[in-house]
file input-v7.txt (compact mmCIF, C-alpha atoms)
# COMPACT_ATOMS: atom_id res chain seq x y z
CA PRO A 18 205.93 152.46 -108.73
CA ARG A 19 204.66 154.57 -111.53
CA SER A 20 206.53 157.00 -113.71
CA THR A 21 208.59 159.33 -111.52
CA LEU A 22 207.02 162.66 -110.60
CA PHE A 23 210.23 164.64 -110.80
CA PRO A 24 209.26 166.31 -114.11
CA TYR A 25 206.65 168.10 -111.97
CA THR A 26 209.07 169.45 -109.37
CA THR A 27 209.70 172.65 -111.31
CA LEU A 28 205.97 173.18 -111.81
CA PHE A 29 205.24 172.77 -108.11
CA ARG A 30 208.07 175.06 -107.10
CA SER A 31 207.03 177.77 -109.56
CA MET A 32 203.62 178.05 -107.88
CA PHE A 33 205.11 179.20 -104.58
CA PRO A 34 205.18 183.03 -104.27
CA ARG A 35 208.55 184.53 -103.42
CA GLY A 36 208.86 187.01 -100.54
CA GLY A 37 211.49 189.70 -100.62
CA LEU A 38 212.05 189.79 -96.82
CA GLU A 39 213.86 187.49 -94.44
CA PRO A 40 211.79 184.41 -93.42
CA SER A 41 211.66 185.62 -89.80
CA SER A 42 209.96 188.89 -90.77
CA ASP A 43 207.35 187.84 -93.34
CA PRO A 44 205.19 184.67 -93.61
CA SER A 45 205.39 184.71 -97.41
CA ALA A 46 209.19 184.73 -97.27
CA GLU A 47 209.22 181.90 -94.74
CA PHE A 48 206.75 180.04 -96.96
CA ALA A 49 209.14 180.43 -99.89
CA SER A 50 212.01 179.20 -97.75
CA CYS A 51 210.05 176.06 -96.82
CA CYS A 52 209.33 175.44 -100.49
CA ASP A 53 213.00 175.75 -101.40
CA ALA A 54 213.84 173.23 -98.71
CA TRP A 55 211.05 170.93 -99.97
CA ALA A 56 212.38 171.04 -103.55
CA GLU A 57 215.89 170.19 -102.38
CA ALA A 58 214.64 167.34 -100.17
CA MET A 59 212.67 165.81 -103.03
CA ALA A 60 215.92 165.24 -104.91
CA THR A 61 218.04 164.12 -101.95
CA GLN A 62 216.13 163.19 -98.78
CA ALA A 63 212.57 162.47 -99.79
CA GLN A 64 211.55 161.42 -96.28
CA SER A 65 212.01 164.96 -94.93
CA ALA A 66 210.20 166.61 -97.86
CA ALA A 67 206.79 166.13 -96.21
CA GLU A 68 207.95 168.05 -93.13
CA HIS A 69 208.83 171.10 -95.22
CA ALA A 70 205.53 170.87 -97.11
CA GLU A 71 203.58 170.57 -93.85
CA ARG A 72 205.31 173.69 -92.50
CA ALA A 73 204.43 175.54 -95.71
CA LEU A 74 200.82 174.40 -95.33
CA VAL A 75 200.61 175.73 -91.77
CA LEU A 76 201.92 179.10 -92.92
CA ALA A 77 199.48 179.19 -95.85
CA ALA A 78 196.50 178.28 -93.66
CA ARG A 79 197.31 180.85 -90.98
CA TYR A 80 198.65 183.82 -92.89
CA LEU A 81 198.28 183.40 -96.66
CA GLY A 82 195.59 182.51 -99.23
CA ASP A 83 194.11 179.69 -101.28
CA GLU A 84 196.81 179.87 -103.94
CA GLU A 85 199.55 179.19 -101.40
CA ARG A 86 197.43 176.56 -99.66
CA GLY A 87 196.89 174.71 -102.94
CA ALA A 88 200.60 174.87 -103.73
CA ALA A 89 201.45 173.46 -100.28
CA TYR A 90 199.01 170.60 -100.77
CA TYR A 91 200.69 169.91 -104.14
CA ALA A 92 204.05 169.61 -102.46
CA LEU A 93 202.65 167.52 -99.63
CA ALA A 94 200.95 165.10 -102.04
CA GLN A 95 204.16 164.55 -103.99
CA ALA A 96 206.18 164.01 -100.80
CA TYR A 97 203.67 161.43 -99.57
CA TRP A 98 203.77 159.69 -102.95
CA VAL A 99 207.54 159.39 -102.89
CA SER A 100 207.28 157.94 -99.36
CA SER A 101 204.64 155.41 -100.54
CA GLU A 102 201.99 156.87 -98.19
CA PHE A 103 199.12 156.59 -100.65
CA GLY A 104 196.23 157.33 -98.25
CA PRO A 105 197.62 160.67 -97.04
CA CYS A 106 198.65 161.42 -100.62
CA GLU A 107 195.05 161.06 -101.85
CA GLU A 108 193.77 163.23 -99.00
CA ALA A 109 196.23 165.99 -99.92
CA ILE A 110 195.17 165.72 -103.57
CA HIS A 111 191.46 166.00 -102.74
CA ARG A 112 192.08 169.10 -100.63
CA ALA A 113 194.22 170.69 -103.34
CA LEU A 114 191.59 170.07 -106.02
CA ARG A 115 189.11 172.13 -104.00
CA VAL A 116 191.17 175.29 -104.38
CA VAL A 117 193.21 174.82 -107.59
CA ARG A 118 191.53 176.00 -110.77
CA ASP A 119 194.28 176.21 -113.41
CA PRO A 120 194.12 173.27 -115.89
CA GLU A 121 197.83 172.38 -115.83
CA PRO A 122 198.22 171.92 -112.05
CA ARG A 123 194.84 170.16 -111.95
CA ALA A 124 196.15 167.75 -114.57
CA VAL A 125 199.17 167.04 -112.35
CA LEU A 126 196.92 166.36 -109.36
CA LEU A 127 194.55 164.11 -111.31
CA ASP A 128 197.49 162.18 -112.74
CA LEU A 129 198.86 161.60 -109.24
CA GLN A 130 195.38 160.66 -108.01
CA GLY A 131 195.16 158.01 -110.75
CA SER A 132 198.49 156.54 -109.62
CA CYS A 133 197.32 156.36 -105.99
CA GLU A 134 194.06 154.68 -106.99
CA ALA A 135 195.91 152.16 -109.16
CA GLU A 136 198.38 151.39 -106.36
CA ASN A 137 195.44 150.70 -104.03
CA GLY A 138 193.83 148.32 -106.56
CA ARG A 139 191.08 150.72 -107.71
CA HIS A 140 191.99 150.32 -111.36
CA ARG A 141 188.80 151.65 -112.97
CA ALA A 142 188.89 154.75 -110.80
CA GLY A 143 192.57 155.17 -111.66
CA PHE A 144 191.92 155.01 -115.38
CA ARG A 145 189.13 157.60 -115.04
CA SER A 146 191.50 159.93 -113.20
CA TYR A 147 194.15 159.48 -115.89
CA ARG A 148 191.63 160.32 -118.60
CA ALA A 149 190.55 163.44 -116.69
CA ALA A 150 194.22 164.38 -116.29
CA ALA A 151 194.79 164.04 -120.04
CA VAL A 152 191.79 166.28 -120.79
CA ALA A 153 193.02 168.90 -118.30
CA ALA A 154 196.53 168.76 -119.78
CA ILE A 155 195.14 169.34 -123.28
CA ASP A 156 192.97 172.22 -122.00
CA GLY A 157 195.99 173.73 -120.29
CA SER A 158 198.25 173.30 -123.35
CA ALA A 159 200.68 171.30 -121.21
CA PRO A 160 202.39 168.76 -123.48
CA GLY A 161 204.89 167.78 -120.78
CA VAL A 162 202.12 166.82 -118.36
CA LEU A 163 200.22 165.10 -121.18
CA ALA A 164 203.26 162.94 -122.02
CA HIS A 165 203.58 162.01 -118.36
CA VAL A 166 199.88 161.03 -118.20
CA TYR A 167 200.32 158.85 -121.29
CA GLU A 168 203.25 157.12 -119.57
CA ASN A 169 201.13 156.37 -116.52
CA ILE A 170 198.24 155.04 -118.61
CA GLY A 171 200.73 152.72 -120.29
CA LEU A 172 202.02 151.62 -116.87
CA HIS A 173 198.48 151.05 -115.65
CA LEU A 174 197.76 148.79 -118.63
CA LEU A 175 201.10 147.03 -118.25
CA GLN A 176 200.43 146.16 -114.62
CA ARG A 177 197.02 144.84 -115.65
CA GLY A 178 198.72 142.53 -118.16
CA HIS A 179 197.65 144.41 -121.32
CA ARG A 180 201.13 144.62 -122.82
CA ARG A 181 200.17 145.39 -126.41
CA PHE A 182 197.95 148.31 -125.41
CA ALA A 183 200.62 149.54 -123.00
CA VAL A 184 203.15 149.72 -125.84
CA ALA A 185 200.70 151.85 -127.83
CA TRP A 186 200.38 154.36 -124.98
CA PHE A 187 204.15 154.48 -124.51
CA ASP A 188 204.39 155.28 -128.22
CA ARG A 189 201.95 158.17 -127.68
CA ALA A 190 204.06 159.44 -124.80
CA GLU A 191 207.17 159.30 -126.97
CA THR A 192 205.42 161.25 -129.73
CA ALA A 193 204.28 163.90 -127.24
CA ILE A 194 207.83 164.28 -125.89
CA GLU A 195 209.28 164.54 -129.40
CA ARG A 196 206.93 167.46 -130.09
CA MET A 197 207.99 169.34 -126.96
CA ASN A 198 210.33 172.28 -127.22
CA LEU A 199 213.05 171.01 -124.87
CA GLU A 200 216.81 171.17 -124.63
CA ILE A 201 218.30 168.07 -126.20
CA GLY A 202 219.58 166.74 -122.87
CA GLU A 203 216.21 167.10 -121.17
CA LYS A 204 214.43 165.50 -124.12
CA ILE A 205 216.77 162.50 -124.08
CA ALA A 206 216.20 162.12 -120.33
CA ARG A 207 212.41 162.00 -120.85
CA LEU A 208 212.67 159.62 -123.78
CA PHE A 209 214.90 157.12 -122.04
CA LYS A 210 212.23 156.50 -119.38
CA VAL A 211 209.60 155.79 -122.01
CA GLN A 212 212.08 153.48 -123.72
CA PHE A 213 212.48 151.61 -120.43
CA TRP A 214 208.72 151.10 -119.96
CA ARG A 215 208.33 149.89 -123.54
CA MET A 216 211.16 147.37 -123.12
CA ILE A 217 209.45 145.98 -120.02
CA ALA A 218 206.18 145.66 -121.94
CA LYS A 219 208.01 143.78 -124.71
CA ARG A 220 209.86 141.59 -122.15
CA GLU A 221 213.23 142.95 -123.28
CA PHE A 222 214.66 142.81 -119.76
CA ALA A 223 218.35 142.92 -120.65
CA GLY A 224 217.79 146.15 -122.58
CA ALA A 225 215.74 147.61 -119.71
CA TYR A 226 218.53 146.83 -117.25
CA ASP A 227 221.06 148.56 -119.50
CA VAL A 228 218.80 151.63 -119.68
CA VAL A 229 218.75 151.88 -115.87
CA GLN A 230 222.51 151.53 -115.73
CA ARG A 231 222.78 154.55 -118.06
CA CYS A 232 220.64 156.63 -115.71
CA ASP A 233 223.76 158.52 -114.52
CA GLU A 234 224.09 160.05 -117.96
CA LEU A 235 220.45 160.80 -118.63
CA SER A 236 218.79 162.09 -115.47
CA GLU A 237 219.62 164.84 -113.00
CA GLU A 238 217.56 163.12 -110.27
CA LYS A 239 219.47 159.91 -110.93
CA LEU A 240 219.24 158.31 -107.47
CA PHE A 241 215.46 158.27 -107.08
CA VAL A 242 214.79 157.73 -110.78
CA ARG A 243 217.24 154.85 -110.89
CA ALA A 244 215.70 153.31 -107.76
CA SER A 245 212.12 153.54 -109.01
CA LEU A 246 213.01 152.08 -112.41
CA MET A 247 214.98 149.22 -110.84
CA HIS A 248 212.04 148.57 -108.51
CA PHE A 249 209.73 148.28 -111.50
CA LEU A 250 212.16 146.02 -113.35
CA GLY A 251 212.54 143.74 -110.33
CA SER A 252 208.76 143.44 -109.95
CA ALA A 253 208.38 142.62 -113.64
CA LEU A 254 211.05 139.93 -113.43
CA VAL A 255 209.32 138.42 -110.39
CA GLN A 256 206.06 138.20 -112.30
CA GLU A 257 207.89 136.46 -115.16
CA GLY A 258 209.38 133.97 -112.70
CA LEU A 259 212.97 135.07 -113.45
CA LEU A 260 213.89 135.15 -109.78
CA ASN A 261 217.69 135.13 -110.06
CA ASP A 262 217.51 138.25 -112.22
CA ALA A 263 214.81 139.76 -110.00
CA ARG A 264 217.09 139.37 -106.97
CA ILE A 265 219.81 141.41 -108.71
CA ALA A 266 217.40 144.18 -109.72
CA LEU A 267 215.63 144.36 -106.34
CA ALA A 268 218.92 144.50 -104.40
CA ALA A 269 220.08 147.36 -106.63
CA GLY A 270 216.76 149.15 -106.11
CA VAL A 271 217.11 148.90 -102.33
CA ARG A 272 220.59 150.38 -102.54
CA TYR A 273 219.50 153.26 -104.80
CA TYR A 274 216.49 154.17 -102.63
CA ARG A 275 218.74 154.35 -99.58
CA GLU A 276 221.16 156.60 -101.42
CA ALA A 277 218.21 158.81 -102.39
CA GLY A 278 217.05 159.02 -98.77
CA ALA A 279 213.67 157.46 -99.64
CA ILE A 280 213.69 155.14 -96.64
CA ARG A 281 209.98 154.35 -96.63
CA ALA A 282 210.10 153.37 -100.29
CA VAL A 283 212.65 150.67 -99.39
CA ALA A 284 210.09 148.59 -97.46
CA PRO A 285 208.19 146.96 -100.37
CA LEU A 286 211.47 146.21 -102.16
CA LEU A 287 212.93 144.56 -99.07
CA LEU A 288 209.84 142.38 -98.73
CA GLU A 289 210.04 141.32 -102.39
CA LEU A 290 213.78 140.70 -102.09
CA ALA A 291 213.28 138.60 -98.95
CA TRP A 292 210.68 136.41 -100.64
CA CYS A 293 212.85 136.16 -103.74
CA ASN A 294 215.77 134.89 -101.65
CA ARG A 295 213.47 132.48 -99.84
CA ALA A 296 212.12 131.09 -103.12
CA LEU A 297 215.71 130.50 -104.27
CA GLY A 298 216.62 128.73 -101.01
CA GLN A 299 218.91 131.55 -99.85
CA TRP A 300 217.72 131.33 -96.24
CA THR A 301 220.37 133.49 -94.60
CA GLN A 302 219.80 136.37 -97.05
CA ALA A 303 216.02 135.94 -96.75
CA VAL A 304 216.12 136.21 -92.95
CA GLU A 305 218.38 139.27 -93.17
CA CYS A 306 215.93 141.01 -95.52
CA PHE A 307 212.85 140.08 -93.45
CA THR A 308 214.64 141.31 -90.30
CA GLU A 309 215.60 144.58 -91.96
CA TYR A 310 212.01 144.94 -93.20
CA ARG A 311 210.80 144.56 -89.60
CA ASP A 312 213.40 147.03 -88.34
CA LEU A 313 212.10 149.74 -90.70
CA PHE A 314 208.89 149.88 -88.66
CA GLU A 315 210.53 149.97 -85.24
CA ASP A 316 210.87 153.77 -85.39
CA GLY A 317 207.59 155.42 -86.34
CA GLY A 318 205.85 152.32 -87.68
CA THR A 319 202.59 150.87 -86.36
CA ASN A 320 202.39 147.74 -84.25
CA ALA A 321 200.30 146.19 -87.01
CA ALA A 322 203.13 146.73 -89.51
CA ILE A 323 205.62 145.21 -87.06
CA ALA A 324 203.27 142.24 -86.57
CA THR A 325 203.02 141.71 -90.33
CA ALA A 326 206.81 141.73 -90.65
CA LEU A 327 207.12 139.25 -87.77
CA LEU A 328 204.62 136.91 -89.42
CA HIS A 329 206.87 136.85 -92.48
CA LEU A 330 209.91 136.16 -90.29
CA ILE A 331 208.20 133.31 -88.41
CA ASP A 332 207.06 131.74 -91.67
CA CYS A 333 210.61 131.95 -93.08
CA HIS A 334 212.20 130.47 -89.94
CA THR A 335 209.61 127.67 -89.99
CA ALA A 336 210.33 126.82 -93.61
CA ALA A 337 214.07 126.82 -92.88
CA GLY A 338 213.58 124.48 -89.88
CA ASP A 339 214.96 127.05 -87.41
CA GLN A 340 212.72 126.25 -84.43
CA ARG A 341 214.72 128.26 -81.89
CA ASN A 342 214.16 131.50 -83.78
CA VAL A 343 210.52 130.58 -84.44
CA GLU A 344 209.85 130.59 -80.71
CA ARG A 345 211.73 133.85 -80.21
CA ARG A 346 209.83 135.61 -82.98
CA ARG A 347 206.51 134.27 -81.68
CA ARG A 348 207.12 135.98 -78.36
CA GLU A 349 207.85 139.25 -80.19
CA LEU A 350 204.69 138.76 -82.27
CA ALA A 351 202.54 138.19 -79.18
CA LEU A 352 203.77 141.50 -77.74
CA ALA A 353 203.13 143.40 -81.00
CA LEU A 354 199.62 141.93 -81.36
CA ALA A 355 198.80 142.75 -77.74
CA LEU A 356 199.45 146.42 -78.56
CA THR A 357 197.34 146.31 -81.73
CA ASN A 358 193.57 146.83 -81.93
CA PRO A 359 191.46 143.92 -83.29
CA THR A 360 190.82 145.51 -86.69
CA ASP A 361 194.50 146.19 -87.36
CA ARG A 362 195.36 142.75 -86.01
CA ASP A 363 193.09 141.13 -88.60
CA GLY A 364 194.54 143.40 -91.25
CA ALA A 365 198.08 142.29 -90.42
CA HIS A 366 197.14 138.62 -90.82
CA LYS A 367 195.30 139.29 -94.08
CA GLU A 368 198.19 141.29 -95.54
CA PHE A 369 200.63 138.50 -94.67
CA ALA A 370 198.31 135.82 -96.09
CA ALA A 371 197.84 137.72 -99.37
CA THR A 372 201.59 138.16 -99.87
CA ARG A 373 202.29 134.53 -98.98
CA GLU A 374 199.60 133.30 -101.38
CA ARG A 375 200.97 135.41 -104.24
CA TRP A 376 204.49 134.13 -103.69
CA THR A 377 203.29 130.54 -103.39
CA ARG A 378 201.87 130.88 -106.91
CA ILE A 379 205.10 132.45 -108.18
CA ILE A 380 207.23 129.68 -106.67
CA ALA A 381 204.90 126.99 -107.99
CA ARG A 382 205.31 128.12 -111.57
CA GLN A 383 209.03 128.96 -111.35
CA ASP A 384 210.11 125.48 -112.50
CA SER A 385 207.94 125.79 -115.60
CA VAL A 386 209.61 129.02 -116.77
CA PRO A 387 211.87 128.23 -119.78
CA SER A 388 215.33 129.69 -119.84
CA SER A 389 215.45 132.73 -122.06
CA GLY A 390 218.04 135.06 -123.51
CA SER A 391 215.93 137.99 -122.36
CA SER A 392 217.15 137.80 -118.74
CA ILE A 393 219.58 140.43 -117.40
CA THR A 394 222.33 137.99 -116.38
call {"tool": "encode", "arguments": {"input": "input-v7.txt", "output": "C-alpha cells"}}
result
Amino acid sequence: PRSTLFPYTTLFRSMFPRGGLEPSSDPSAEFASCCDAWAEAMATQAQSAAEHAERALVLAARYLGDEERGAAYYALAQAYWVSSEFGPCEEAIHRALRVVRDPEPRAVLLDLQGSCEAENGRHRAGFRSYRAAAVAAIDGSAPGVLAHVYENIGLHLLQRGHRRFAVAWFDRAETAIERMNLEIGEKIARLFKVQFWRMIAKREFAGAYDVVQRCDELSEEKLFVRASLMHFLGSALVQEGLLNDARIALAAGVRYYREAGAIRAVAPLLLELAWCNRALGQWTQAVECFTEYRDLFEDGGTNAAIATALLHLIDCHTAAGDQRNVERRRRELALALALTNPTDRDGAHKEFAATRERWTRIIARQDSVPSSGSSIT
C-alpha cells in the first residue's frame, strides 16, 4: 500500500456541486447526496464507497456536465484504490483526466495513477506519473498534494530497495508539510506518517510500530490509516526475514482493515499472514488464514481467484502431511477450474507459483538473518 489517500477526501468532496432541493426533485441535489454518502463510506465502510460513486457517475452522465462527471470519476478511482482494484482504478483515472483541466485535481489523479502503475509492477511508468503529478501540483500551487506526491516517490524508491534515496524524498515531503499553513493537529498527523515511512527506510522497525500504535492520537481516519501502515510494516518485516514480528504486524493489519470495513484490502494481508505462519511451522494458524483467504472470494470473487486460494491450501496441507484434506481440497479445486476459462486457469497457476517462489526464497534466507534489536518484539 502506498501513502493513504485520505488527505484528498476533502478535495474530492469540494468538487461536487451542492443542490438546494431535495434529492428526489433535482439530479444535482441527489448527486450531492451520493457524494456525501461516498465521503462517509471512505472513512468507515470503504467497500460501499464505490457504489455511491457509481450512482453519482450515472447521475452526472445522464443529467449533469463534465465537471460533475470528472468529480464522480475522482471518487470512483479513490474507492477502487482503497478496495485494491487497481485495474478499474486506472480506468476511472484515465476517464477523469479527459475532462479535468485544473492543475490540482490533475495532480491528485496522476499521483494515484503512479501508485496503480507501481502496484502492477510498471515502475518506470509509475515514476513518470509521479513526476507529472509533482509538476501539476507546483503549477496548481498545491503544497499539500506536492507533499503527498513526494511521500509516494519515496515509497516507490523504498519498495525498489533504494533506501537512501527514499529517505531523501521523505525529507522533502516533511519540508513541504512544515511549510504548509495547517492547524497544529493536522500538521502533526501529516508528519507522523512521513516519520513512519522514514523509519521503515532506516530499518527502525520498533519505532515504526510505536508510531502506528499512536495513530489513535494523530489521525481522524485512524482505522484505515492504521491498517495501511501496519500492512506496510508487516511487508517490510517479511522482506527483512523477521517473520515473528511480521506475523504480529500482519495480524494487526487484518484486524484494523476489518474494523475499517475495507474487506477487499484484507485479502493480500491474509495471504501474507498465512505464508508467514506456514514458514514458522504454525500449521493450524496457516490453514485458518488460507481458508479465510479462500472464503473472501466465495461471495463476488472469480472462480480463478478461488482456484488460486485452493492451490495455496492444497500446498499447505501437503507440506503439513494432511492427506485427507489434500484430497478434499483437490475436489474443490477441480470444480473451480472447471468453471474457469483456460486463460484465467493459467493465470491462477502462475499467480500461485509466483507467490510460492517468493516465499521459498524468504524461508530459505530466514535462518541467515541475525537477531537484531530493531525488531518490534
call {"tool": "residues_around", "arguments": {"input": "input-v7.txt", "residues": "A:Ala269", "least_positions_apart": "2", "cutoff": "12 Å", "atoms": "all atoms listed in the file", "output": "number ranges by chain"}}
result
A: 226, 229-230, 240-241, 243-251, 262-267, 271-276, 283, 286-287, 290
call {"tool": "residues_around", "arguments": {"input": "input-v7.txt", "residues": "stretch 77-91 of chain A", "least_positions_apart": "3", "cutoff": "6 Å", "atoms": "only C-alpha atoms", "output": "list in words"}}
result
Ala70, Ala73, Leu74, Ala94, Ala109, Ala113, Val116 and Val117 of chain A
call {"tool": "atom_distance", "arguments": {"input": "input-v7.txt", "atom1": "atom CA of A:Leu126", "atom2": "atom CA of A:Val162"}}
result
10.4 Å
call {"tool": "atom_distance", "arguments": {"input": "input-v7.txt", "atom1": "atom CA of A:Leu259", "atom2": "atom CA of A:Ile379"}}
result
9.8 Å
call {"tool": "closest_residue", "arguments": {"input": "input-v7.txt", "among": "A:Ser45, A:Asn294, A:Asn320, A:Gln212", "to": "A:Val255", "atoms": "all atoms listed in the file"}}
result
A:Asn294
call {"tool": "closest_residue", "arguments": {"input": "input-v7.txt", "among": "A:Ala153, A:Val99, A:Leu356, A:Met216", "to": "A:Ala66", "atoms": "all atoms listed in the file"}}
result
A:Val99
call {"tool": "decode", "arguments": {"input": "input-v7.txt", "residues": "stretch 157-173 of chain A", "atoms": "N, CA and C atoms", "output": "PDB file, in the first residue's frame"}}
result
ATOM      1  N   GLY A 157      -0.306  24.160  -9.786  1.00  0.00           N
ATOM      2  CA  GLY A 157      -1.562  24.479  -9.118  1.00  0.00           C
ATOM      3  C   GLY A 157      -1.395  25.068  -7.743  1.00  0.00           C
ATOM      4  N   SER A 158      -0.127  25.351  -7.348  1.00  0.00           N
ATOM      5  CA  SER A 158       0.164  25.896  -6.011  1.00  0.00           C
ATOM      6  C   SER A 158      -0.539  25.072  -4.939  1.00  0.00           C
ATOM      7  N   ALA A 159      -0.289  23.758  -4.980  1.00  0.00           N
ATOM      8  CA  ALA A 159      -0.933  22.822  -4.064  1.00  0.00           C
ATOM      9  C   ALA A 159       0.122  22.113  -3.230  1.00  0.00           C
ATOM     10  N   PRO A 160       0.631  22.771  -2.176  1.00  0.00           N
ATOM     11  CA  PRO A 160       1.708  22.155  -1.389  1.00  0.00           C
ATOM     12  C   PRO A 160       1.295  20.857  -0.710  1.00  0.00           C
ATOM     13  N   GLY A 161       0.008  20.745  -0.326  1.00  0.00           N
ATOM     14  CA  GLY A 161      -0.443  19.511   0.304  1.00  0.00           C
ATOM     15  C   GLY A 161      -0.352  18.321  -0.628  1.00  0.00           C
ATOM     16  N   VAL A 162      -0.788  18.521  -1.882  1.00  0.00           N
ATOM     17  CA  VAL A 162      -0.688  17.453  -2.876  1.00  0.00           C
ATOM     18  C   VAL A 162       0.776  17.166  -3.189  1.00  0.00           C
ATOM     19  N   LEU A 163       1.592  18.217  -3.278  1.00  0.00           N
ATOM     20  CA  LEU A 163       3.011  18.043  -3.570  1.00  0.00           C
ATOM     21  C   LEU A 163       3.685  17.197  -2.496  1.00  0.00           C
ATOM     22  N   ALA A 164       3.384  17.462  -1.232  1.00  0.00           N
ATOM     23  CA  ALA A 164       3.962  16.669  -0.138  1.00  0.00           C
ATOM     24  C   ALA A 164       3.551  15.214  -0.261  1.00  0.00           C
ATOM     25  N   HIS A 165       2.300  14.987  -0.625  1.00  0.00           N
ATOM     26  CA  HIS A 165       1.807  13.624  -0.784  1.00  0.00           C
ATOM     27  C   HIS A 165       2.525  12.911  -1.934  1.00  0.00           C
ATOM     28  N   VAL A 166       2.760  13.622  -3.033  1.00  0.00           N
ATOM     29  CA  VAL A 166       3.487  13.043  -4.169  1.00  0.00           C
ATOM     30  C   VAL A 166       4.910  12.682  -3.746  1.00  0.00           C
ATOM     31  N   TYR A 167       5.559  13.567  -2.985  1.00  0.00           N
ATOM     32  CA  TYR A 167       6.911  13.267  -2.507  1.00  0.00           C
ATOM     33  C   TYR A 167       6.918  12.006  -1.644  1.00  0.00           C
ATOM     34  N   GLU A 168       5.890  11.851  -0.799  1.00  0.00           N
ATOM     35  CA  GLU A 168       5.785  10.627   0.004  1.00  0.00           C
ATOM     36  C   GLU A 168       5.731   9.394  -0.894  1.00  0.00           C
ATOM     37  N   ASN A 169       4.915   9.457  -1.937  1.00  0.00           N
ATOM     38  CA  ASN A 169       4.749   8.294  -2.790  1.00  0.00           C
ATOM     39  C   ASN A 169       5.995   7.999  -3.609  1.00  0.00           C
ATOM     40  N   ILE A 170       6.728   9.039  -4.016  1.00  0.00           N
ATOM     41  CA  ILE A 170       8.005   8.795  -4.696  1.00  0.00           C
ATOM     42  C   ILE A 170       8.967   8.082  -3.748  1.00  0.00           C
ATOM     43  N   GLY A 171       8.991   8.533  -2.491  1.00  0.00           N
ATOM     44  CA  GLY A 171       9.831   7.868  -1.501  1.00  0.00           C
ATOM     45  C   GLY A 171       9.431   6.409  -1.316  1.00  0.00           C
ATOM     46  N   LEU A 172       8.109   6.136  -1.284  1.00  0.00           N
ATOM     47  CA  LEU A 172       7.631   4.766  -1.137  1.00  0.00           C
ATOM     48  C   LEU A 172       7.983   3.918  -2.350  1.00  0.00           C
ATOM     49  N   HIS A 173       7.883   4.518  -3.527  1.00  0.00           N
ATOM     50  CA  HIS A 173       8.257   3.825  -4.757  1.00  0.00           C
ATOM     51  C   HIS A 173       9.728   3.396  -4.687  1.00  0.00           C
TER      52      HIS A 173
END
